[in-house]
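Structure file structure.cif; described as mmCIF, C-alpha atoms.
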data_upload
loop_
_atom_site.label_atom_id
_atom_site.label_comp_id
_atom_site.auth_asym_id
_atom_site.auth_seq_id
_atom_site.Cartn_x
_atom_site.Cartn_y
_atom_site.Cartn_z
CA MET A 18 -44.63 217.24 29.81
CA ASN A 19 -42.92 217.42 26.41
CA GLN A 20 -39.26 218.22 25.84
CA GLU A 21 -39.99 221.84 24.85
CA ASP A 22 -42.00 222.67 27.98
CA TRP A 23 -39.41 220.93 30.09
CA LEU A 24 -36.61 222.98 28.52
CA ASP A 25 -38.49 226.26 29.00
CA ARG A 26 -39.18 225.43 32.63
CA GLU A 27 -35.54 224.55 33.26
CA LEU A 28 -34.40 227.78 31.61
CA ARG A 29 -36.72 229.83 33.81
CA GLU A 30 -35.67 227.97 36.96
CA ALA A 31 -32.01 228.29 36.07
CA ALA A 32 -32.36 232.06 36.54
CA PRO A 33 -32.14 232.52 40.31
CA TYR A 34 -32.73 235.89 41.97
CA ILE A 35 -29.48 237.82 42.26
CA ASP A 36 -29.11 239.64 45.59
CA ASP A 37 -28.58 243.37 45.33
CA GLU A 38 -25.43 243.40 47.53
CA GLY A 39 -24.86 247.13 47.13
CA PHE A 40 -25.47 247.21 43.37
CA THR A 41 -28.30 249.78 43.59
CA ALA A 42 -26.24 251.99 45.90
CA ARG A 43 -23.32 251.92 43.46
CA VAL A 44 -25.60 252.94 40.58
CA LEU A 45 -27.18 255.75 42.61
CA GLN A 46 -23.76 257.09 43.59
CA GLN A 47 -22.93 257.58 39.94
CA LEU A 48 -26.11 259.35 38.89
CA PRO A 49 -25.45 262.83 37.52
CA PRO A 50 -27.02 265.73 39.47
CA LEU A 51 -29.25 266.86 36.59
CA ARG A 52 -31.88 268.43 38.82
CA ARG A 53 -29.64 271.16 40.21
CA ARG A 54 -28.93 272.48 36.75
CA HIS A 55 -32.66 272.50 35.97
CA ASP A 56 -33.41 274.22 39.28
CA LEU A 57 -30.85 276.93 38.62
CA LEU A 58 -32.24 277.53 35.14
CA ARG A 59 -35.79 277.63 36.51
CA ALA A 60 -34.81 280.09 39.25
CA VAL A 61 -33.09 282.39 36.74
CA ILE A 62 -36.14 282.33 34.45
CA LEU A 63 -38.55 283.00 37.33
CA LEU A 64 -36.46 285.84 38.73
CA GLY A 65 -36.11 287.38 35.27
CA MET A 66 -39.86 287.21 34.67
CA ALA A 67 -40.59 288.64 38.13
CA PHE A 68 -38.21 291.53 37.47
CA LEU A 69 -39.79 292.27 34.08
CA ALA A 70 -43.29 292.10 35.58
CA SER A 71 -42.25 294.53 38.34
CA VAL A 72 -40.84 297.01 35.84
CA LEU A 73 -44.00 296.72 33.75
CA ALA A 74 -46.24 297.23 36.79
CA TYR A 75 -44.18 300.23 37.88
CA VAL A 76 -44.49 301.85 34.46
CA VAL A 77 -48.21 301.04 34.04
CA SER A 78 -49.11 302.29 37.52
CA GLY A 79 -47.72 305.74 36.88
CA GLY A 80 -44.44 305.45 38.75
CA GLY A 81 -45.76 303.19 41.45
CA ARG A 82 -48.09 305.71 43.03
CA PHE A 83 -50.26 302.90 44.36
CA VAL A 84 -47.33 301.74 46.53
CA SER A 85 -47.04 305.04 48.36
CA VAL A 86 -50.83 305.22 48.74
CA THR A 87 -50.96 301.72 50.21
CA LEU A 88 -48.05 302.45 52.54
CA GLU A 89 -49.79 305.57 53.76
CA ARG A 90 -52.95 303.58 54.45
CA LEU A 91 -50.94 300.90 56.23
CA ALA A 92 -49.17 303.51 58.35
CA ALA A 93 -52.53 304.92 59.36
CA LEU A 94 -53.66 301.54 60.75
CA PRO A 95 -53.48 300.92 64.51
CA ALA A 96 -50.29 299.07 65.62
CA LEU A 97 -52.32 296.08 66.83
CA TRP A 98 -53.85 295.63 63.37
CA VAL A 99 -50.41 295.71 61.71
CA PHE A 100 -49.12 293.17 64.23
CA GLY A 101 -52.13 290.90 63.58
CA LEU A 102 -51.65 291.07 59.81
CA ALA A 103 -47.94 290.23 60.10
CA LEU A 104 -48.67 287.28 62.41
CA ALA A 105 -51.39 285.90 60.09
CA SER A 106 -49.11 286.20 57.06
CA GLY A 107 -46.30 284.43 58.93
CA LEU A 108 -48.59 281.58 59.97
CA VAL A 109 -49.88 281.06 56.41
CA ILE A 110 -46.35 280.94 55.01
CA ALA A 111 -45.14 278.55 57.74
CA ALA A 112 -48.12 276.20 57.16
CA ALA A 113 -47.52 276.15 53.40
CA GLY A 114 -43.82 275.40 53.95
CA ALA A 115 -44.56 272.60 56.43
CA THR A 116 -47.12 271.01 54.07
CA ALA A 117 -44.66 271.07 51.17
CA ALA A 118 -41.89 269.57 53.33
CA ILE A 119 -44.14 266.75 54.62
CA SER A 120 -45.41 265.80 51.15
CA ARG A 121 -41.84 265.87 49.82
CA SER A 122 -40.52 263.56 52.56
CA ARG A 123 -43.48 261.17 52.08
CA ALA A 124 -42.80 261.00 48.36
CA SER A 125 -39.15 260.13 48.87
CA LEU A 126 -39.97 257.45 51.48
CA THR A 127 -42.25 255.48 49.15
CA MET B 13 -49.90 250.58 47.76
CA GLU B 14 -46.89 249.68 45.64
CA LEU B 15 -46.09 252.10 42.87
CA THR B 16 -45.93 250.76 39.32
CA ASP B 17 -42.86 251.16 37.13
CA ALA B 18 -44.75 253.84 35.18
CA ASP B 19 -45.41 255.81 38.41
CA LEU B 20 -41.75 255.64 39.35
CA VAL B 21 -40.67 256.73 35.87
CA ALA B 22 -43.08 259.67 36.12
CA ARG B 23 -41.49 260.71 39.41
CA VAL B 24 -38.04 260.57 37.88
CA LEU B 25 -39.25 262.66 34.95
CA VAL B 26 -41.15 265.28 36.93
CA ASP B 27 -39.09 265.60 40.13
CA ASP B 28 -35.86 263.95 39.02
CA ASP B 29 -36.51 261.76 42.07
CA GLN B 30 -33.41 259.62 42.47
CA HIS B 31 -35.11 257.52 45.17
CA ALA B 32 -37.73 256.53 42.61
CA PHE B 33 -34.99 255.59 40.17
CA GLY B 34 -33.30 253.61 42.95
CA GLU B 35 -36.51 251.63 43.39
CA LEU B 36 -36.54 250.88 39.65
CA VAL B 37 -32.94 249.67 39.87
CA ARG B 38 -33.77 247.49 42.89
CA ARG B 39 -36.71 245.95 41.04
CA HIS B 40 -34.89 245.14 37.83
CA GLN B 41 -31.27 244.62 38.87
CA SER B 42 -31.60 240.86 39.22
CA SER B 43 -33.11 240.24 35.79
CA VAL B 44 -30.78 242.66 34.01
CA ARG B 45 -27.67 241.33 35.73
CA GLY B 46 -28.85 237.76 35.15
CA LEU B 47 -29.36 238.37 31.44
CA LEU B 48 -25.96 240.03 31.10
CA ARG B 49 -24.27 237.21 33.01
CA GLN B 50 -25.60 234.77 30.46
CA LEU B 51 -24.74 237.00 27.52
CA THR B 52 -21.16 237.43 28.78
CA ARG B 53 -20.87 233.68 29.36
CA THR B 54 -20.98 234.07 33.15
CA ASP B 55 -18.30 236.74 33.40
CA ILE B 56 -19.85 238.18 36.56
CA ALA B 57 -17.59 241.22 36.92
CA LEU B 58 -18.07 242.28 33.30
CA ALA B 59 -21.83 241.62 33.49
CA ASP B 60 -22.18 243.81 36.59
CA ASP B 61 -20.13 246.59 35.00
CA LEU B 62 -22.37 246.47 31.93
CA ALA B 63 -25.50 246.40 34.10
CA GLN B 64 -24.30 249.49 35.96
CA GLN B 65 -23.59 251.19 32.64
CA ALA B 66 -27.06 250.21 31.39
CA PHE B 67 -28.85 251.68 34.41
CA LEU B 68 -26.87 254.91 34.16
CA ARG B 69 -27.71 255.16 30.48
CA ALA B 70 -31.36 254.48 31.29
CA TYR B 71 -31.34 257.33 33.80
CA LYS B 72 -29.75 259.77 31.37
CA ASN B 73 -32.18 258.83 28.60
CA ILE B 74 -35.30 258.27 30.64
CA ARG B 75 -37.08 261.04 28.74
CA SER B 76 -36.94 258.85 25.65
CA PHE B 77 -38.99 256.16 27.41
CA ARG B 78 -42.48 256.73 26.05
CA GLY B 79 -44.24 253.92 27.85
CA GLU B 80 -45.12 252.11 24.62
CA ALA B 81 -43.29 249.01 25.84
CA ARG B 82 -42.81 247.69 29.37
CA PHE B 83 -40.07 249.43 31.31
CA SER B 84 -38.24 246.10 31.65
CA THR B 85 -38.25 245.63 27.86
CA TRP B 86 -36.81 249.10 27.39
CA LEU B 87 -34.18 248.34 30.01
CA TYR B 88 -33.27 245.01 28.40
CA ARG B 89 -32.74 246.82 25.14
CA ILE B 90 -30.33 249.28 26.72
CA ALA B 91 -28.52 246.43 28.51
CA TYR B 92 -28.27 244.47 25.28
CA ASN B 93 -26.88 247.52 23.46
CA CYS B 94 -24.28 248.00 26.20
CA PHE B 95 -23.32 244.35 25.82
CA ARG B 96 -23.07 244.61 22.02
CA GLU B 97 -20.93 247.74 22.14
CA ASP B 98 -18.61 246.10 24.63
CA ALA B 99 -18.51 242.87 22.61
CA ARG B 100 -17.70 244.85 19.47
CA ARG B 101 -14.83 246.47 21.30
CA ARG B 102 -13.65 243.06 22.42
CA LYS B 103 -14.44 241.53 19.01
CA GLU B 104 -16.32 238.66 20.59
CA LEU B 105 -19.49 238.89 18.58
CA VAL B 106 -18.65 235.77 16.56
CA GLY B 107 -20.61 232.80 17.81
CA ILE B 108 -19.35 229.29 18.28
CA ASP B 109 -20.00 227.11 15.26
CA GLU B 110 -21.56 223.66 15.06
CA GLU B 111 -18.23 221.87 14.98
CA GLN B 112 -17.03 223.52 18.15
CA LEU B 113 -20.40 222.80 19.65
CA GLN B 114 -19.99 219.08 19.01
CA THR B 115 -16.44 218.89 20.29
CA GLN B 116 -17.02 220.96 23.40
CA HIS B 117 -20.07 219.06 24.56
CA ASP B 118 -19.00 216.27 26.82
CA PRO B 119 -21.84 214.40 28.54
CA GLN B 120 -19.33 212.87 30.93
CA ALA B 121 -18.17 216.27 32.20
CA ALA B 122 -17.03 216.64 35.80
CA ASP B 123 -20.23 218.26 37.07
CA PRO B 124 -23.18 216.05 36.21
CA GLY B 125 -25.83 218.59 37.30
CA LEU B 126 -28.52 219.46 34.80
CA ARG B 127 -28.29 223.16 35.59
CA HIS B 128 -24.57 223.14 34.97
CA ASP B 129 -25.08 221.36 31.65
CA LEU B 130 -27.86 223.74 30.70
CA MET B 131 -25.69 226.79 31.39
CA ARG B 132 -22.83 225.22 29.50
CA ALA B 133 -25.06 224.39 26.56
CA LEU B 134 -26.44 227.94 26.53
CA ASN B 135 -22.93 229.36 26.49
CA LEU B 136 -22.13 227.26 23.46
CA LEU B 137 -24.95 228.74 21.38
CA PRO B 138 -24.15 231.52 18.90
CA LEU B 139 -24.94 234.95 20.29
CA ASN B 140 -28.07 235.55 18.18
CA GLU B 141 -29.66 232.27 19.29
CA ARG B 142 -28.49 232.63 22.89
CA SER B 143 -29.94 236.14 23.14
CA ALA B 144 -33.28 235.09 21.66
CA ILE B 145 -33.53 232.04 23.93
CA LEU B 146 -32.58 234.04 27.03
CA LEU B 147 -35.11 236.79 26.34
CA CYS B 148 -38.01 234.59 25.26
CA CYS B 149 -37.59 231.44 27.35
CA ARG B 150 -35.76 232.72 30.40
CA SER B 151 -36.93 236.31 30.83
CA GLY B 152 -40.43 235.60 29.55
CA LEU B 153 -40.58 238.23 26.81
CA SER B 154 -42.86 237.72 23.86
CA HIS B 155 -41.25 237.26 20.44
CA ASP B 156 -42.38 240.76 19.56
CA GLU B 157 -40.75 242.26 22.66
CA ALA B 158 -37.56 240.29 22.04
CA ALA B 159 -37.50 241.62 18.47
CA ARG B 160 -37.61 245.18 19.86
CA VAL B 161 -34.86 244.47 22.36
CA LEU B 162 -32.59 242.85 19.80
CA ASP B 163 -33.62 245.28 17.05
CA ILE B 164 -34.14 242.50 14.52
CA PRO B 165 -37.23 241.34 12.57
CA LEU B 166 -39.83 239.25 14.37
CA GLY B 167 -39.30 236.32 11.98
CA THR B 168 -35.58 236.25 12.77
CA VAL B 169 -36.33 236.05 16.50
CA LYS B 170 -38.68 233.12 15.93
CA THR B 171 -36.08 231.33 13.80
CA ASN B 172 -33.34 231.94 16.36
CA VAL B 173 -35.49 230.66 19.21
CA LEU B 174 -36.40 227.57 17.20
CA ARG B 175 -32.80 226.82 16.22
CA GLY B 176 -31.48 227.53 19.71
CA ARG B 177 -34.11 225.26 21.26
CA GLU B 178 -33.27 222.45 18.86
CA LYS B 179 -29.58 222.70 19.67
CA LEU B 180 -30.24 222.80 23.39
CA LYS B 181 -32.49 219.75 23.12
CA ARG B 182 -29.76 217.90 21.25
CA MET B 183 -27.10 218.91 23.74
CA LEU B 184 -29.30 217.97 26.67
CA ALA B 185 -30.57 214.74 25.17
CA ASP B 186 -29.27 212.80 28.18
CA TRP B 187 -31.58 214.80 30.39
CA GLY B 188 -35.20 215.58 29.65
CA PRO B 189 -38.59 214.97 31.25
CA ASN B 190 -38.50 211.23 30.71
CA GLN B 191 -34.92 210.78 31.83
CA VAL B 192 -34.51 212.61 35.12
CA LYS B 193 -36.98 214.28 37.42
CA GLN B 194 -34.53 215.85 39.85
CA ILE B 195 -31.57 218.13 39.26
#
Represent the structure from my file as structure tokens, please.
Amino acid sequence: MNQEDWLDRELREAAPYIDDEGFTARVLQQLPPLRRRHDLLRAVILLGMAFLASVLAYVVSGGGRFVSVTLERLAALPALWVFGLALASGLVIAAAGATAAISRSRASLT
Amino acid sequence: MELTDADLVARVLVDDDQHAFGELVRRHQSSVRGLLRQLTRTDIALADDLAQQAFLRAYKNIRSFRGEARFSTWLYRIAYNCFREDARRRKELVGIDEEQLQTQHDPQAADPGLRHDLMRALNLLPLNERSAILLCCRSGLSHDEAARVLDIPLGTVKTNVLRGREKLKRMLADWGPNQVKQI
């Protein structure tokens, strides 16, 4: 082994692993909560767009006549049918929420 | 399956996943803190403060990481900039000259260990040579990567590594492959 290789090897070996000893936790404590600001902005944009779309739909549909028509049809349905529809909708929403929560917790564990 | 640095960066970018960033810190804290300890001439408290500052800056500017270089190279660059800014504030950027180098090197020093002598010799190098040696020989960066970290031309990095190596060899002449096998 020549002097140069020897020196390089010694330099590499003279760099021992430094234990974390709470360093990562201290860094994480100081991270700014950027996400919340982004979430708030996103929510405001989405709500604004939803409101505009609703107004547009109301105007285009001739004062929302389709809503009253649909409500009338729904009211004409047997009570059991209405109950079944509500239950199915609830189950779909609960399943979607559970799936999102599980994938979120898996992602943060890895 | 272990996620790559690029995967973790993507999670930070898309979900602002602080756990993912924590994993990046865990992975690179040792090398970044080690580099800064050498740059600050083993001032551990200052090095750790600078490392913390570097990781926070990395988090705030993670959108500017384009994946052209390795994440560690990008991180070293931020850490080196933190060190330089601090050194400028402390006006310690001036390296130690040859004369000092000769007078401070004492082969009969109290601790005869090679590692101790090596660290001491490294600390005696001027900053530009010390940085180049640490990045290329210790952290294993290519000359090109070191040039990006230090923001200097490739040729200058090569020269600094060469000069630094020569000085280290001279200072450690009592050691070497043919002199001692054990530390």
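From atom CA of A:Leu91 back to atom CA of A:Ser106, the distance works out to 14.8 Å.
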Mind pulling up the distance from atom CA of B:Gly79 to atom CA of B:Leu139?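 Taking atom CA of B:Leu139 as the start and atom CA of B:Gly79 as the end point, the length is 28.1 Å.
Among the candidates B:Gly125, B:Pro138, B:Gly34, B:Gly176, the residue lying nearest to B:Leu51 is B:Pro138 (atoms considered: all atoms listed in the file).
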Please identify all polymer residues within 10 Å of B:Leu146, counting only C-alpha atoms, omitting same-chain residues fewer than 5 positions from it, and present them as a PDB file with C-alpha atoms, in the coordinates of the input.
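Below you can see part_4.pdb, which holds the result:
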ATOM      1  CA  ASP A  25     -38.490 226.260  29.000  1.00  0.00           C
ATOM      2  CA  LEU A  28     -34.400 227.780  31.610  1.00  0.00           C
ATOM      3  CA  ARG A  29     -36.720 229.830  33.810  1.00  0.00           C
ATOM      4  CA  ALA A  32     -32.360 232.060  36.540  1.00  0.00           C
TER       5      ALA A  32
ATOM      6  CA  GLY B  46     -28.850 237.760  35.150  1.00  0.00           C
ATOM      7  CA  LEU B  47     -29.360 238.370  31.440  1.00  0.00           C
ATOM      8  CA  LEU B  48     -25.960 240.030  31.100  1.00  0.00           C
ATOM      9  CA  GLN B  50     -25.600 234.770  30.460  1.00  0.00           C
ATOM     10  CA  LEU B  51     -24.740 237.000  27.520  1.00  0.00           C
ATOM     11  CA  LEU B 134     -26.440 227.940  26.530  1.00  0.00           C
ATOM     12  CA  GLU B 141     -29.660 232.270  19.290  1.00  0.00           C
ATOM     13  CA  SER B 151     -36.930 236.310  30.830  1.00  0.00           C
ATOM     14  CA  GLY B 152     -40.430 235.600  29.550  1.00  0.00           C
ATOM     15  CA  LEU B 153     -40.580 238.230  26.810  1.00  0.00           C
ATOM     16  CA  ALA B 158     -37.560 240.290  22.040  1.00  0.00           C
ATOM     17  CA  VAL B 173     -35.490 230.660  19.210  1.00  0.00           C
ATOM     18  CA  GLY B 176     -31.480 227.530  19.710  1.00  0.00           C
TER      19      GLY B 176
END
What are the residues of chain B that have an atom within 9 Å of an atom of chain A, counting all atoms listed in the file, as a PyMOL selection string? chain B and resi 14-15+27-35+37-38+41-43+45-47+60+64-65+67-68+71-72+126-127+130-131+145-146+149-152+177+180-181+188-190
At most 7 Å from (-33.5, 238.5, 22.7), file frame, all atoms listed in the file: which residues, as a list in words?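 Nearby residues: Ser143, Ala144, Ile145, Leu146, Leu147, Cys148, Ala158, Ala159, Val161 and Leu162 of chain B.
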In Å, with one decimal, what is the gap from atom CA of B:Glu178 to atom CA of B:Asp55?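 Interatomic distance here is 25.3 Å.
Closest approach to B:Arg53 among B:Arg182, B:Lys170, B:Arg132, B:Arg23: B:Arg132, based on only C-alpha atoms.
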Select, from B:Glu80, B:Glu157, B:Asp17, B:Asp98, the residue with the minimum atom-to-atom distance to B:Ala66, counting only C-alpha atoms.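 Nearest to B:Ala66: B:Asp98.
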Here is a test: counting only C-alpha atoms, which residue of B:Asp61, B:Arg69, B:Asn93, B:Ser84 is nearest to B:Leu36?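 Of the candidates, the smallest distance to B:Leu36 is held by B:Ser84.
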Coordinates of box centre and edge lengths for stretch 74-90 of chain A, 4 Å on every side, axis-aligned, as lines of an AutoDock Vina configuration file:
center_x = -48.6
center_y = 301.5
center_z = 44.2
size_x = 16.8
size_y = 16.5
size_z = 28.4
